[in-house]
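Colleague: If you scroll down you'll find the structure; I have some questions about it.
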Amino acid sequence: MVKHRSSSRSSYSARFLSIKAISIYLILIFAFTIWVFVFTSINIQTDSDQTEHHQQQIQRQDPRKNLQRPSDDLDSQLWTPPFSYGLHPCVKPTPRYKVEFVESDRYITVRSNGGLNQMRTGIADMVAVARIMNATLVIPELDKRSFWRDSSVFADIFDEEHFIESLGRDVKVIKKLPKEVESLPRARKHFSSWASVGYYEEMTHLWKEYKVIHVAKSDSRLANNDLPIDVQRLRCRVLYRGLRFSPAIERLGQKLVERLKSRAGRFIALHLRYEKDMLAFTGCTYGLTDAESEELRVMRESTSHWKIKSINSTEQRDEGLCPLTPKEVGIFLKGLGYPESTVIYIAAGEIYGGDDRLLELKSRFPNLVFKETLAGEEELNGFNGHATKTAALDYIISVESDVFVPSHSGNMARAVEGHRRFLGHRRTITPDRKGLVKLFDKVERGQIKEGAKFSNLVKAMHQDRQGAPRRRKGAAQGIKGRARFRTEEAFYENPYPECICRSKEHKEP
């Protein structure tokens with residue numbers, strides 16, 4: 001009996017020591033884990049600091065990088081492109097794409113409509129439509145009846161030979177109709193907006209009666225989404241590779257970019273859409289005189305293809321549908337933290353109200369540059385009186401700028417943003433006009449002053465509006481039918497994911 005108790009006591013002691021040993025062992029493992037975590041964190045921070053130091057050394061080697069820099073952190077926030085996650089352009093056809101097409105004796109002629117970028121995106125759509133309908137495309141006619149009344153033809157704006165050759169494996173493009181079909185009757189067609197591939201396949205029934213289809217309007221003839229990837233990539237090949245500007249425009253455009261870079265090191269391209277036609281079309285009269293407001297109303301009333309005539313200017317502005325005024329742009333850029341010394345290229349036509357309307361912007365940013373001051377008089381000789389040509393110069397400079405800021409989300413703003421995304425997500429700041437108007441009105445009423453608090457609000461509002469990679473936005477919730485297409489983000493505004501691909505070693509943003 002005594003022996004049994006002794007055995008039990010020994011067994012109990014052994015179990016107790018075993019539990020105690022395990023507890024100590026677990027505590028040691030936990031302590032070691034904490035130590036490794038702290039040590040690793042210190043090393044990560046050190047590596048980060050070393051990388052930052054290395055980047056600063058590289059930047060110091062280029063004297064232009066030191067211009068306009070209050071601090072390295074702010075410098076990065078203002079000028080450095082967003083992280084691109086290894087994304088890169090991809091417009092190569094997939095293996096499913098039939099590289100060789102069958103030449104067709106059916107033809108599509110096109111009258112492009114709108115300004116430069118409305119015509120460019122429309123032409124890209126028409127190339128894809130010609131491919132879908134197995135037709136030969138005749139070089140499109142440019143719009144000569146719009147507000148700008150530009151007499152330029154295709155070859156004045158674009159490199160016609162390059163356009164034809166670069167698309168040689170996609171679509172046959174010819175300069176004019178063959179003589180034997182010039183006199184034949186044509187199907188004059190207004191194709192549906194935001195149409196699908198199926199729609200155009202159905203339209204091929206027109207070939208039973210006609211050899212030529214004339215398209216009277218080219219913009220937004222294809223849907224933004226739900227198209228085959230090879231159709232989308234063809235649109236990108238046309239817009240970003242095929243529709244190269246004419247040699248004369250390209251040469252001067254690149255010259256002006258080089259002059260801006262050598263003068264400023266880096267610069268903002270501001271698409272200041274504060275021109276008469278835009279203000280009349282949108283009905284935005286905030287800050288204008290009664291006489292100016294009346295002039296815009298008369299213009300809107302007399303322009304037959306502008307369908308909406310009666311517009312409440314205050315409601316338009318409150319909804320963020322008006323372009324920012326030059327003064328508002330100045331307050332906005334200052335709120336983001338750009339210093340007074342920042343060089344700003346004004347990508348625009350004639351500002352409504354002239355130089356006087358720019359005074360408030362110039363008081364905050366005196367280094368405003370215009371194409372007329374950047375280029376010599378002789379260099380602009382072939383451009384004066386041709387709004388499409390000067391718009392092409394603005395486009396080149398805007399795409400190549402360090403930062404692009406549009407004051408309104410029009411055709412050029414969307415096209416430039418999309419191109420900059422395609423080229424590596426260059427910094428593009430899209431103002432939240434609806435949110436900004438509320439802040440501007442508070443400043444106007446004296447409820448808040450321009451300063452640190454105001455600046456923090458502006459920065460927070462635009463933290464996710466800097467051109468960082470993201471997938472294209474779909475239609476707004478709750479909107480059905482064809483109306484939903486108007487609320488979608490345009491394909492050419494953000495061609496991701498069809499024309500922008502990620503590397504295997506990077507995760508998708």
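Going through the structure tokens in order, the chains are called A, B, and so on, while each chain numbers its residues from 1 and the ligands are numbered from 1 in the order shown.
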Taking a cut-off of 8 Å and counting only C-alpha atoms, can you build a table that, for each residue of region 168-271 of chain A near region 478-493 of chain A, reports the nearest atom pair and how far apart they are in Å (one decimal), sorted by chain then residue number, as a Markdown table?

Modeller:
| residue | atom | partner | partner_atom | distance |
| --- | --- | --- | --- | --- |
| A:Trp194 | CA | A:Phe485 | CA | 7.0 |
| A:Ala223 | CA | A:Phe485 | CA | 7.9 |
| A:Asn224 | CA | A:Phe491 | CA | 4.8 |
| A:Asn225 | CA | A:Phe491 | CA | 7.3 |

Colleague: Pull C-alpha atoms from the residues just selected and write them as a compact mmCIF listing (two decimals), in the first residue's frame.

Modeller:
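Result file selection-v8.txt:
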# COMPACT_ATOMS: atom_id res chain seq x y z
CA TRP A 194 -22.67 52.19 -77.69
CA ALA A 223 -19.96 49.95 -76.39
CA ASN A 224 -17.50 50.62 -73.59
CA ASN A 225 -17.80 47.12 -72.16

Colleague: Residues of region 35-280 of chain A classed as helix (DSSP H, G or I) by DSSP on the backbone are to be reported as a PyMOL selection string.

Modeller: chain A and resi 35-61+63-66+72-79+116-132+154-157+160-166+179-182+197-208+229-242+247-264+276-280

Colleague: Would you mind telling me which residue in A:Ala348, A:Ala124, A:Cys236, A:Met203 lies nearest to His408 (chain A) when using only C-alpha atoms?

Modeller: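 Under the stated criterion, the closest residue is A:Ala348.
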
Colleague: Would you write out, as a Markdown table, a table of all residues in region 360-426 of chain A that have an atom no more than 12 Å from an atom of region 252-264 of chain A, listing for each the closest atom pair and the distance in Å to one decimal, considering only C-alpha atoms and ordering rows by chain and rising residue number?

Modeller:
| residue | atom | partner | partner_atom | distance |
| --- | --- | --- | --- | --- |
| A:Asn367 | CA | A:Ala264 | CA | 9.6 |
| A:Leu368 | CA | A:Leu260 | CA | 11.2 |
| A:Val369 | CA | A:Leu260 | CA | 8.8 |
| A:Phe370 | CA | A:Leu256 | CA | 10.3 |
| A:Lys371 | CA | A:Leu256 | CA | 7.9 |
| A:Glu372 | CA | A:Leu256 | CA | 10.6 |
| A:Thr373 | CA | A:Leu256 | CA | 10.3 |
| A:Leu374 | CA | A:Leu256 | CA | 6.7 |
| A:Ala375 | CA | A:Leu256 | CA | 6.9 |
| A:Gly376 | CA | A:Leu256 | CA | 10.3 |
| A:Glu378 | CA | A:Leu252 | CA | 11.4 |
| A:Glu379 | CA | A:Leu252 | CA | 7.6 |
| A:Leu380 | CA | A:Leu252 | CA | 8.9 |
| A:Asn381 | CA | A:Leu252 | CA | 11.7 |
| A:Gly382 | CA | A:Leu252 | CA | 11.0 |
| A:Phe383 | CA | A:Leu252 | CA | 10.4 |
| A:Lys389 | CA | A:Gly253 | CA | 10.3 |
| A:Thr390 | CA | A:Gly253 | CA | 9.5 |
| A:Ala391 | CA | A:Gly253 | CA | 10.5 |
| A:Ala392 | CA | A:Gly253 | CA | 8.0 |
| A:Leu393 | CA | A:Gly253 | CA | 5.1 |
| A:Asp394 | CA | A:Gly253 | CA | 7.9 |
| A:Tyr395 | CA | A:Gly253 | CA | 8.6 |
| A:Ile396 | CA | A:Gly253 | CA | 5.9 |
| A:Ile397 | CA | A:Val257 | CA | 5.8 |
| A:Ser398 | CA | A:Val257 | CA | 9.1 |
| A:Val399 | CA | A:Val257 | CA | 9.9 |
| A:Glu400 | CA | A:Val257 | CA | 7.1 |
| A:Ser401 | CA | A:Val257 | CA | 7.7 |
| A:Asp402 | CA | A:Lys261 | CA | 9.4 |

Colleague: Suppose you want the space between CA of Arg471 (chain A) and CA of Gln118 (chain A); what is it in Å?

Modeller: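 According to the coordinates, CA of Arg471 (chain A) and CA of Gln118 (chain A) are separated by 22.5 Å.
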
Colleague: Can you check which parts of region 334-366 of chain A lie within 12 Å of region 459-467 of chain A? Per residue, the shortest pair of atoms and distance in Å to one decimal, counting only C-alpha atoms, sorted by chain and number, as a Markdown table.

Modeller:
| residue | atom | partner | partner_atom | distance |
| --- | --- | --- | --- | --- |
| A:Lys334 | CA | A:Lys459 | CA | 10.4 |
| A:Gly335 | CA | A:Lys459 | CA | 7.2 |
| A:Leu336 | CA | A:Lys459 | CA | 5.6 |
| A:Gly337 | CA | A:Lys459 | CA | 8.4 |
| A:Tyr338 | CA | A:Lys459 | CA | 11.3 |

Colleague: Would you list, as a list in words, the residues of region 194-430 of chain A that end up in strand (DSSP E) under DSSP run on this structure's backbone?

Modeller: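 Answer for region 194-430 of chain A, restricted to strand (DSSP E): Val212, Ile213, His214, Val215, Ile268, Ala269, Leu270, His271, Ile344, Tyr345, Ile346, Leu368, Val369, Val403, Phe404, Val405 and Pro406 of chain A.
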
Colleague: Write out, as a compact mmCIF listing (two decimals), in the first residue's frame, the residues just selected, with N, CA and C atoms.

Modeller:
# COMPACT_ATOMS: atom_id res chain seq x y z
N VAL A 212 -21.76 50.52 -100.68
CA VAL A 212 -21.18 51.59 -99.87
C VAL A 212 -22.15 51.98 -98.77
N ILE A 213 -21.63 52.04 -97.53
CA ILE A 213 -22.40 52.57 -96.40
C ILE A 213 -21.73 53.85 -95.95
N HIS A 214 -22.51 54.92 -95.87
CA HIS A 214 -21.97 56.20 -95.37
C HIS A 214 -22.43 56.41 -93.94
N VAL A 215 -21.47 56.58 -93.04
CA VAL A 215 -21.75 56.79 -91.61
C VAL A 215 -21.67 58.28 -91.33
N ILE A 268 2.97 71.31 -64.95
CA ILE A 268 1.58 70.85 -65.00
C ILE A 268 0.99 71.28 -66.34
N ALA A 269 0.27 70.38 -66.99
CA ALA A 269 -0.56 70.77 -68.14
C ALA A 269 -1.99 70.91 -67.63
N LEU A 270 -2.51 72.11 -67.71
CA LEU A 270 -3.86 72.40 -67.23
C LEU A 270 -4.80 72.55 -68.42
N HIS A 271 -5.71 71.61 -68.57
CA HIS A 271 -6.72 71.75 -69.62
C HIS A 271 -7.82 72.64 -69.08
N ILE A 344 2.88 76.19 -65.19
CA ILE A 344 1.62 75.61 -65.65
C ILE A 344 1.42 75.95 -67.12
N TYR A 345 1.34 74.92 -67.95
CA TYR A 345 1.03 75.11 -69.36
C TYR A 345 -0.48 75.11 -69.52
N ILE A 346 -1.03 76.14 -70.15
CA ILE A 346 -2.47 76.25 -70.35
C ILE A 346 -2.84 75.60 -71.68
N LEU A 368 2.49 81.05 -65.81
CA LEU A 368 1.58 80.46 -66.78
C LEU A 368 2.22 80.53 -68.16
N VAL A 369 2.13 79.44 -68.90
CA VAL A 369 2.74 79.37 -70.22
C VAL A 369 1.67 78.99 -71.25
N VAL A 403 2.33 66.33 -64.75
CA VAL A 403 1.01 66.22 -64.11
C VAL A 403 -0.02 66.81 -65.06
N PHE A 404 -1.15 66.13 -65.21
CA PHE A 404 -2.23 66.64 -66.06
C PHE A 404 -3.44 66.90 -65.18
N VAL A 405 -4.02 68.10 -65.32
CA VAL A 405 -5.20 68.49 -64.54
C VAL A 405 -6.25 69.05 -65.49
N PRO A 406 -7.39 68.38 -65.66
CA PRO A 406 -8.47 68.95 -66.47
C PRO A 406 -9.47 69.70 -65.58

Colleague: Taking into account only C-alpha atoms, which residue in the set A:Leu142, A:Leu324, A:Met126, A:Leu423 is nearest to Leu272 (chain A)?

Modeller: A:Leu324

Colleague: Please list as an MDAnalysis selection string every residue within 10 Å of Leu333 (chain A), counting only C-alpha atoms and excluding residues in the same chain fewer than 3 positions away.

Modeller: chainID A and resid 328:330 336:340 342 361 364:365 405 429 431 455 458:459

Colleague: Between CA of Gly410 (chain A) and CA of Glu292 (chain A), what is the spacing in Å?

Modeller: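 Calculated distance between CA of Glu292 (chain A) and CA of Gly410 (chain A) is 22.1 Å.
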
Colleague: Which residue is closest to Pro185 (chain A)? Choose from A:Asp75, A:Glu209, A:Asp290, A:Asp170 and count only C-alpha atoms.

Modeller: A:Glu209

Colleague: For Arg145 (chain A), which residue among A:Glu160, A:Arg235, A:Gly115, A:Ile174 is the nearest when counting only C-alpha atoms?

Modeller: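 Closest residue, counting only C-alpha atoms: A:Gly115.
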
Colleague: Give me, as a list in words, all polymer residues having an atom no more than 9 Å from His419 (chain A), counting only C-alpha atoms and skipping those fewer than 3 positions away in the same chain.

Modeller: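 Everything that qualifies: Leu239, Tyr240, Val399, Arg414, Ala415, Val416, Phe422, Leu423, Gly424, His425, Tyr492, Glu493, Asn494 and Pro495 of chain A.
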
Colleague: Please dump the current selection as a PDB file, in the first residue's frame; keep N, CA and C atoms.

Modeller:
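Contents of out_36.pdb, as written:
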ATOM      1  N   LEU A 239      -5.973  54.006 -81.785  1.00  0.00           N
ATOM      2  CA  LEU A 239      -5.881  55.290 -81.088  1.00  0.00           C
ATOM      3  C   LEU A 239      -4.459  55.622 -80.649  1.00  0.00           C
ATOM      4  N   TYR A 240      -3.737  54.628 -80.127  1.00  0.00           N
ATOM      5  CA  TYR A 240      -2.424  54.905 -79.542  1.00  0.00           C
ATOM      6  C   TYR A 240      -1.255  54.623 -80.484  1.00  0.00           C
ATOM      7  N   VAL A 399      -0.198  64.947 -72.730  1.00  0.00           N
ATOM      8  CA  VAL A 399       0.191  63.546 -72.524  1.00  0.00           C
ATOM      9  C   VAL A 399       1.598  63.457 -71.937  1.00  0.00           C
ATOM     10  N   ARG A 414     -10.856  63.142 -71.093  1.00  0.00           N
ATOM     11  CA  ARG A 414     -10.989  61.690 -71.042  1.00  0.00           C
ATOM     12  C   ARG A 414      -9.925  61.004 -71.903  1.00  0.00           C
ATOM     13  N   ALA A 415      -9.697  61.548 -73.103  1.00  0.00           N
ATOM     14  CA  ALA A 415      -8.724  60.934 -74.010  1.00  0.00           C
ATOM     15  C   ALA A 415      -7.312  61.013 -73.452  1.00  0.00           C
ATOM     16  N   VAL A 416      -6.942  62.169 -72.897  1.00  0.00           N
ATOM     17  CA  VAL A 416      -5.604  62.333 -72.327  1.00  0.00           C
ATOM     18  C   VAL A 416      -5.424  61.419 -71.119  1.00  0.00           C
ATOM     19  N   PHE A 422      -2.499  54.364 -70.199  1.00  0.00           N
ATOM     20  CA  PHE A 422      -1.922  53.386 -71.114  1.00  0.00           C
ATOM     21  C   PHE A 422      -0.394  53.435 -71.089  1.00  0.00           C
ATOM     22  N   LEU A 423       0.172  54.619 -70.946  1.00  0.00           N
ATOM     23  CA  LEU A 423       1.626  54.802 -70.977  1.00  0.00           C
ATOM     24  C   LEU A 423       2.310  54.576 -69.628  1.00  0.00           C
ATOM     25  N   GLY A 424       1.577  54.168 -68.630  1.00  0.00           N
ATOM     26  CA  GLY A 424       2.213  53.889 -67.339  1.00  0.00           C
ATOM     27  C   GLY A 424       1.591  54.607 -66.172  1.00  0.00           C
ATOM     28  N   HIS A 425       0.336  54.999 -66.293  1.00  0.00           N
ATOM     29  CA  HIS A 425      -0.389  55.662 -65.206  1.00  0.00           C
ATOM     30  C   HIS A 425       0.357  56.891 -64.697  1.00  0.00           C
ATOM     31  N   TYR A 492     -12.136  54.721 -73.664  1.00  0.00           N
ATOM     32  CA  TYR A 492     -10.907  55.457 -73.971  1.00  0.00           C
ATOM     33  C   TYR A 492     -10.405  56.280 -72.781  1.00  0.00           C
ATOM     34  N   GLU A 493     -11.219  56.428 -71.760  1.00  0.00           N
ATOM     35  CA  GLU A 493     -10.802  57.114 -70.545  1.00  0.00           C
ATOM     36  C   GLU A 493      -9.984  56.186 -69.651  1.00  0.00           C
ATOM     37  N   ASN A 494     -10.266  54.896 -69.749  1.00  0.00           N
ATOM     38  CA  ASN A 494      -9.551  53.919 -68.932  1.00  0.00           C
ATOM     39  C   ASN A 494      -9.595  52.551 -69.628  1.00  0.00           C
ATOM     40  N   PRO A 495      -8.605  52.260 -70.484  1.00  0.00           N
ATOM     41  CA  PRO A 495      -8.628  51.008 -71.252  1.00  0.00           C
ATOM     42  C   PRO A 495      -8.129  49.790 -70.474  1.00  0.00           C
TER      43      PRO A 495
END

Colleague: Could you tell me which of A:Met299, A:Val127, A:Leu177, A:Ile229 comes closest to Pro93 (chain A) if we count only C-alpha atoms?

Modeller: A:Ile229

Colleague: Between A:Val171, A:Lys442, A:Arg421, A:Leu457, which one has atoms that come closest to Arg472 (chain A), using only C-alpha atoms?

Modeller: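 Of the candidates, the smallest distance to Arg472 (chain A) is held by A:Arg421.
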
Colleague: As a list in words, please: the residues near Cys90 (chain A) (cut-off 6 Å, only C-alpha atoms, same-chain neighbours under 5 positions excluded).

Modeller: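 Near Cys90 (chain A), the qualifying residues are Cys499, Ile500 and Cys501 of chain A.
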
Colleague: Could you state the separation of CA of Val298 (chain A) and CA of Met278 (chain A) in Å, given to one decimal place?

Modeller: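 It comes out at 13.6 Å.
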
Colleague: Using only C-alpha atoms, which protein or nucleic acid residues come within 8 Å of Thr314 (chain A)? Drop anything in the same chain fewer than 4 positions from it, and give the result as a compact mmCIF listing (two decimals) with N, CA, C and O atoms, in the first residue's frame.

Modeller:
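Done, and the output landed in result-v5.txt:
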# COMPACT_ATOMS: atom_id res chain seq x y z
N CYS A 284 -23.22 77.29 -67.81
CA CYS A 284 -22.54 77.69 -66.57
C CYS A 284 -22.14 79.15 -66.64
O CYS A 284 -21.31 79.55 -67.46
N TYR A 286 -21.58 81.08 -63.56
CA TYR A 286 -21.09 81.54 -62.26
C TYR A 286 -19.91 82.49 -62.44
O TYR A 286 -18.94 82.19 -63.14
N ASP A 318 -23.77 73.25 -58.62
CA ASP A 318 -23.89 72.47 -57.38
C ASP A 318 -23.71 70.98 -57.62
O ASP A 318 -23.24 70.25 -56.74
